[in-house]
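Enquirer: Okay, here's the structure, questions in a sec.
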Amino acid sequence: MSHLPSDKPFTLAGRTYQSRLLVGTGKYKDLEETRLAIEASGAEIVTVAVRRTNIGQNPGEPNLLDVISPERYTILPNTAGCYDAVEAVRTCRLARELLDGHKLVKLEVLADQKTLFPNVIETLKAAEVLVKDGFDVMVYTSDDPIIARELAAMGCIAVMPLAGLIGTGLGICNPYNLRIILEEATVPVLVDAGVGTASDATIAMELGCEAVLMNSAIAHAQNPILMGEAMKHAIIAGRMAYLAGRMPKKLYASASSPLDGLIK
């Protein structure tokens with residue numbers, strides 16, 4: 001975002017990115033729609049569910065990396081579908097093997113299939129092991145400021161609190177908790193889960209989030225390619241508004257034009 005000279009760069013694991021939108025690869029009708037929607041979004045970081053997507057572990061089957069090239073995108077393997085720390089750690093190690101020593105991962109350990117809410121206890125266990133094992137861990141977590149603080153102190157390079165339950169599209173359900181997390185943050189904070197439309201992404205950025213990760217909001221749109229482009233602009237607009245500083249809210253009206261010197 002070179003047109004924002006006062007902005008600090010968005011950096012993860014020592015690498016700087018122009019786009020503050022991260023996107024997933026699930027739920028599209030086919031690989032071609034996946035490719036086109038991600039291109040339209042302008043995203044540079046693309047997250048991949050290692051347990052649900054072929055990135056080389058199933059020879060002979062369609063490989064996502066054929067359309068989402070690691071030469072063009074930073075691939076962010078995630079542990080979606082894992083319900084305990086052991087599974088999550090094993091999945092990250094498999095991803096590192098498949099991607100030639102790749103260290104950047106998104107950790108998510110889920111509590112149950114109904115809510116897909118994070119299992120915080122298992123997440124903490126897995127994060128500790130992965131950080132010690134040399135991974136750069138971005139971590140999906142609850143909107144609890146204390147847990148977010150602990151994960152950062154443990155060595156996770158980014159905390160990713162949910163704004164709403166995964167796949168619900170409910171938008172930013174917890175702005176006040178997110179604000180506390182942002183105030184205390186020592187690492188980048190990214191909203192992960194809950195975004196349904198462009199205005200949700202903008203609100204997340206206006207709160208001061210470094211970036212937003214989404215999948216369903218684009219993939220489940222009636223026109224995913226158009227929604228991908230909409231999200232690109234929403235993220236930029238939200239970041240610019242955050243940097244600009246919004247006007248204060250007032251209870252009563254305040255005239256746009258001064259009252260002095262009115263023509264009588």
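Following the order of the structure tokens, first chain is A, next is B, and so on, with residues numbered from 1 inside each chain and ligands from 1 in the order they appear.
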Give me the segment 76-136 of chain A side of the contact with segment 39-55 of chain A, cut-off 7 Å, one line per residue showing its nearest atom pair and distance in Å at one decimal, counting only C-alpha atoms, sorted by chain and residue number, as a tab-separated table.
Expert:
```
residue	atom	partner	partner_atom	distance
A:Leu76	CA	A:Thr47	CA	4.3
A:Pro77	CA	A:Val48	CA	4.8
A:Asn78	CA	A:Ala49	CA	5.0
A:Thr79	CA	A:Ala49	CA	6.1
A:Ala80	CA	A:Ala49	CA	5.6
A:Gly81	CA	A:Arg51	CA	6.8
A:Thr91	CA	A:Val50	CA	6.9
A:Ala95	CA	A:Val50	CA	6.7
```
Enquirer: Which residues are close to Asp144 of chain A, i.e. within 10 Å by only C-alpha atoms, leaving aside same-chain residues fewer than 3 positions away? Reply as a PyMOL selection string.
Expert: chain A and resi 120+141+147-149+161-162+177-178+180-181
Enquirer: Could I get the residues of segment 95-194 of chain A with an atom no further than 9 Å from an atom of segment 7-12 of chain A, each paired with its nearest atom pair and that distance in Å to one decimal, using only C-alpha atoms, sorted by chain and residue number, as JSON lines?
Expert:
```
{"residue": "A:Leu104", "atom": "CA", "partner": "A:Leu12", "partner_atom": "CA", "distance": 8.9}
{"residue": "A:Asp136", "atom": "CA", "partner": "A:Leu12", "partner_atom": "CA", "distance": 8.8}
{"residue": "A:Ile157", "atom": "CA", "partner": "A:Leu12", "partner_atom": "CA", "distance": 7.1}
{"residue": "A:Ala158", "atom": "CA", "partner": "A:Leu12", "partner_atom": "CA", "distance": 7.8}
{"residue": "A:Pro188", "atom": "CA", "partner": "A:Leu12", "partner_atom": "CA", "distance": 8.1}
```
Enquirer: Please indicate the distance in Å from atom CA of Pro62 of chain A to atom CA of Glu97 of chain A, rounded to one decimal place.
Expert: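 Interatomic distance here is 18.9 Å.
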Enquirer: Need to verify the contact set: Phe135 of chain A, 12 Å, only C-alpha atoms, exclusion of same-chain residues closer than 4 positions in sequence. Can you return it as a VMD selection string?
Expert: chain A and resid 13 76 to 77 89 92 to 93 95 to 96 101 to 107 126 to 131 139 155 to 157
Enquirer: Next, dump the selected residues to file, keeping only C-alpha atoms, as a PDB file, in the first residue's frame.
Expert:
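Ended up saving to again25.pdb:
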```
ATOM      1  CA  ALA A  13       7.838 -14.266   9.704  1.00  0.00           C
ATOM      2  CA  LEU A  76      -0.268 -21.229   4.618  1.00  0.00           C
ATOM      3  CA  PRO A  77      -0.998 -24.837   5.631  1.00  0.00           C
ATOM      4  CA  VAL A  89       1.173 -31.180  15.398  1.00  0.00           C
ATOM      5  CA  CYS A  92       1.894 -29.358  10.553  1.00  0.00           C
ATOM      6  CA  ARG A  93       4.861 -31.724  10.309  1.00  0.00           C
ATOM      7  CA  ALA A  95       2.828 -29.983   5.633  1.00  0.00           C
ATOM      8  CA  ARG A  96       6.455 -29.100   6.305  1.00  0.00           C
ATOM      9  CA  GLY A 101      10.685 -27.428   4.926  1.00  0.00           C
ATOM     10  CA  HIS A 102       8.032 -24.683   4.932  1.00  0.00           C
ATOM     11  CA  LYS A 103       7.717 -23.331   8.517  1.00  0.00           C
ATOM     12  CA  LEU A 104       4.735 -20.948   8.353  1.00  0.00           C
ATOM     13  CA  VAL A 105       1.535 -22.649   9.552  1.00  0.00           C
ATOM     14  CA  LYS A 106      -1.927 -21.735  10.776  1.00  0.00           C
ATOM     15  CA  LEU A 107      -2.827 -23.697  13.886  1.00  0.00           C
ATOM     16  CA  ALA A 126      -0.043 -27.690  20.225  1.00  0.00           C
ATOM     17  CA  ALA A 127       1.325 -24.147  20.017  1.00  0.00           C
ATOM     18  CA  GLU A 128       3.959 -24.895  22.633  1.00  0.00           C
ATOM     19  CA  VAL A 129       5.185 -27.991  20.765  1.00  0.00           C
ATOM     20  CA  LEU A 130       5.167 -26.307  17.338  1.00  0.00           C
ATOM     21  CA  VAL A 131       7.031 -23.186  18.484  1.00  0.00           C
ATOM     22  CA  VAL A 139      -3.011 -19.335  15.698  1.00  0.00           C
ATOM     23  CA  GLY A 155       6.091 -17.359  20.679  1.00  0.00           C
ATOM     24  CA  CYS A 156       3.227 -17.466  18.164  1.00  0.00           C
ATOM     25  CA  ILE A 157       3.919 -14.908  15.421  1.00  0.00           C
TER      26      ILE A 157
END
```
Enquirer: What lies within 8 Å of Leu170 of chain A using only C-alpha atoms, ignoring chain neighbours under 5 positions off, as a PyMOL selection string?
Expert: chain A and resi 164-165+194-196
Enquirer: Would you mind exporting C-alpha atoms of the selected residues as a PDB file, in the first residue's frame?
Expert:
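Result saved to result.pdb:
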```
ATOM      1  CA  GLY A 164     -17.949 -14.983  14.651  1.00  0.00           C
ATOM      2  CA  LEU A 165     -18.222 -18.750  14.289  1.00  0.00           C
ATOM      3  CA  GLY A 194     -17.201 -14.745  10.884  1.00  0.00           C
ATOM      4  CA  VAL A 195     -16.836 -12.324   7.968  1.00  0.00           C
ATOM      5  CA  GLY A 196     -19.842 -12.470   5.616  1.00  0.00           C
TER       6      GLY A 196
END
```
Enquirer: Would you mind listing what lies within 10 Å of Leu110 of chain A as a PyMOL selection string, with only C-alpha atoms counted and same-chain residues fewer than 5 positions away left out?
Expert: chain A and resi 79-85+88+115-120+122-123+140-141
Enquirer: For the selection you just gave me, I'd like the residues written to a file as an mmCIF file, in the first residue's frame, keeping N, CA and C atoms.
Expert:
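And here is the file that came out, out-v3.cif:
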```cif
data_model
loop_
_atom_site.group_PDB
_atom_site.id
_atom_site.type_symbol
_atom_site.label_atom_id
_atom_site.label_comp_id
_atom_site.auth_asym_id
_atom_site.auth_seq_id
_atom_site.Cartn_x
_atom_site.Cartn_y
_atom_site.Cartn_z
ATOM 1 N N THR A 79 -4.493 -26.505 10.064
ATOM 2 C CA THR A 79 -4.825 -27.786 10.690
ATOM 3 C C THR A 79 -6.334 -27.949 10.861
ATOM 4 N N ALA A 80 -7.125 -27.372 9.955
ATOM 5 C CA ALA A 80 -8.584 -27.543 9.994
ATOM 6 C C ALA A 80 -8.930 -29.029 10.023
ATOM 7 N N GLY A 81 -9.902 -29.381 10.850
ATOM 8 C CA GLY A 81 -10.291 -30.785 10.975
ATOM 9 C C GLY A 81 -9.582 -31.506 12.098
ATOM 10 N N CYS A 82 -8.690 -30.797 12.808
ATOM 11 C CA CYS A 82 -7.991 -31.408 13.944
ATOM 12 C C CYS A 82 -8.712 -31.056 15.240
ATOM 13 N N TYR A 83 -8.869 -32.056 16.110
ATOM 14 C CA TYR A 83 -9.616 -31.860 17.356
ATOM 15 C C TYR A 83 -8.761 -32.113 18.600
ATOM 16 N N ASP A 84 -7.469 -32.343 18.407
ATOM 17 C CA ASP A 84 -6.570 -32.400 19.566
ATOM 18 C C ASP A 84 -5.169 -31.995 19.129
ATOM 19 N N ALA A 85 -4.328 -31.746 20.109
ATOM 20 C CA ALA A 85 -2.991 -31.220 19.848
ATOM 21 C C ALA A 85 -2.132 -32.194 19.054
ATOM 22 N N ALA A 88 -2.964 -32.030 15.400
ATOM 23 C CA ALA A 88 -2.556 -30.749 14.822
ATOM 24 C C ALA A 88 -1.047 -30.702 14.582
ATOM 25 N N THR A 115 -19.976 -26.138 16.518
ATOM 26 C CA THR A 115 -19.597 -24.723 16.622
ATOM 27 C C THR A 115 -18.277 -24.398 15.935
ATOM 28 N N LEU A 116 -17.411 -25.413 15.759
ATOM 29 C CA LEU A 116 -16.049 -25.196 15.250
ATOM 30 C C LEU A 116 -15.306 -24.148 16.082
ATOM 31 N N PHE A 117 -15.718 -24.014 17.341
ATOM 32 C CA PHE A 117 -15.055 -23.093 18.260
ATOM 33 C C PHE A 117 -13.691 -23.678 18.618
ATOM 34 N N PRO A 118 -12.698 -22.834 18.865
ATOM 35 C CA PRO A 118 -11.382 -23.382 19.200
ATOM 36 C C PRO A 118 -11.375 -24.080 20.557
ATOM 37 N N ASN A 119 -10.685 -25.204 20.614
ATOM 38 C CA ASN A 119 -10.392 -25.862 21.891
ATOM 39 C C ASN A 119 -9.125 -25.210 22.426
ATOM 40 N N VAL A 120 -9.289 -24.293 23.341
ATOM 41 C CA VAL A 120 -8.173 -23.467 23.787
ATOM 42 C C VAL A 120 -7.106 -24.295 24.494
ATOM 43 N N GLU A 122 -6.252 -27.500 24.054
ATOM 44 C CA GLU A 122 -5.460 -28.251 23.077
ATOM 45 C C GLU A 122 -4.649 -27.310 22.172
ATOM 46 N N THR A 123 -5.204 -26.132 21.888
ATOM 47 C CA THR A 123 -4.480 -25.147 21.083
ATOM 48 C C THR A 123 -3.195 -24.720 21.786
ATOM 49 N N TYR A 140 -5.385 -19.643 15.369
ATOM 50 C CA TYR A 140 -6.818 -19.378 15.508
ATOM 51 C C TYR A 140 -7.191 -19.569 16.967
ATOM 52 N N THR A 141 -7.875 -18.566 17.543
ATOM 53 C CA THR A 141 -8.165 -18.638 18.966
ATOM 54 C C THR A 141 -9.518 -18.007 19.265
#
```
Enquirer: Nearest to Asp192 of chain A: which of A:Thr74, A:Gln18, A:Gln222, A:Ser142 is it, counting only C-alpha atoms?
Expert: A:Ser142
Enquirer: DSSP on the backbone, strand (DSSP E or B) only: what residues of segment 136-227 of chain A does that give? Format it as a VMD selection string.
Expert: chain A and resid 136 to 141 158 to 161 189 to 192 211 to 214
Enquirer: Would you mind telling me which residue in A:Gln57, A:Ser19, A:Thr34, A:Ser6 lies nearest to Val212 of chain A when using only C-alpha atoms?
Expert: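 Nearest to Val212 of chain A: A:Ser19.
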Enquirer: Could you pull out the helix (DSSP H, G or I) residues of segment 128-172 of chain A, going by DSSP on the backbone, and write them as a PDB file with C-alpha atoms, in the first residue's frame?
Expert:
```pdb
ATOM      1  CA  GLU A 128       3.959 -24.895  22.633  1.00  0.00           C
ATOM      2  CA  VAL A 129       5.185 -27.991  20.765  1.00  0.00           C
ATOM      3  CA  LEU A 130       5.167 -26.307  17.338  1.00  0.00           C
ATOM      4  CA  VAL A 131       7.031 -23.186  18.484  1.00  0.00           C
ATOM      5  CA  LYS A 132       9.719 -25.364  20.105  1.00  0.00           C
ATOM      6  CA  PRO A 145      -7.684 -11.351  25.581  1.00  0.00           C
ATOM      7  CA  ILE A 146      -5.859 -13.419  28.216  1.00  0.00           C
ATOM      8  CA  ILE A 147      -5.486 -16.431  25.929  1.00  0.00           C
ATOM      9  CA  ALA A 148      -4.371 -14.171  23.071  1.00  0.00           C
ATOM     10  CA  ARG A 149      -1.717 -12.706  25.362  1.00  0.00           C
ATOM     11  CA  GLU A 150      -0.520 -16.173  26.422  1.00  0.00           C
ATOM     12  CA  LEU A 151      -0.221 -17.383  22.829  1.00  0.00           C
ATOM     13  CA  ALA A 152       1.847 -14.338  21.881  1.00  0.00           C
ATOM     14  CA  ALA A 153       4.076 -14.774  24.945  1.00  0.00           C
ATOM     15  CA  MET A 154       4.555 -18.430  23.997  1.00  0.00           C
TER      16      MET A 154
END
```
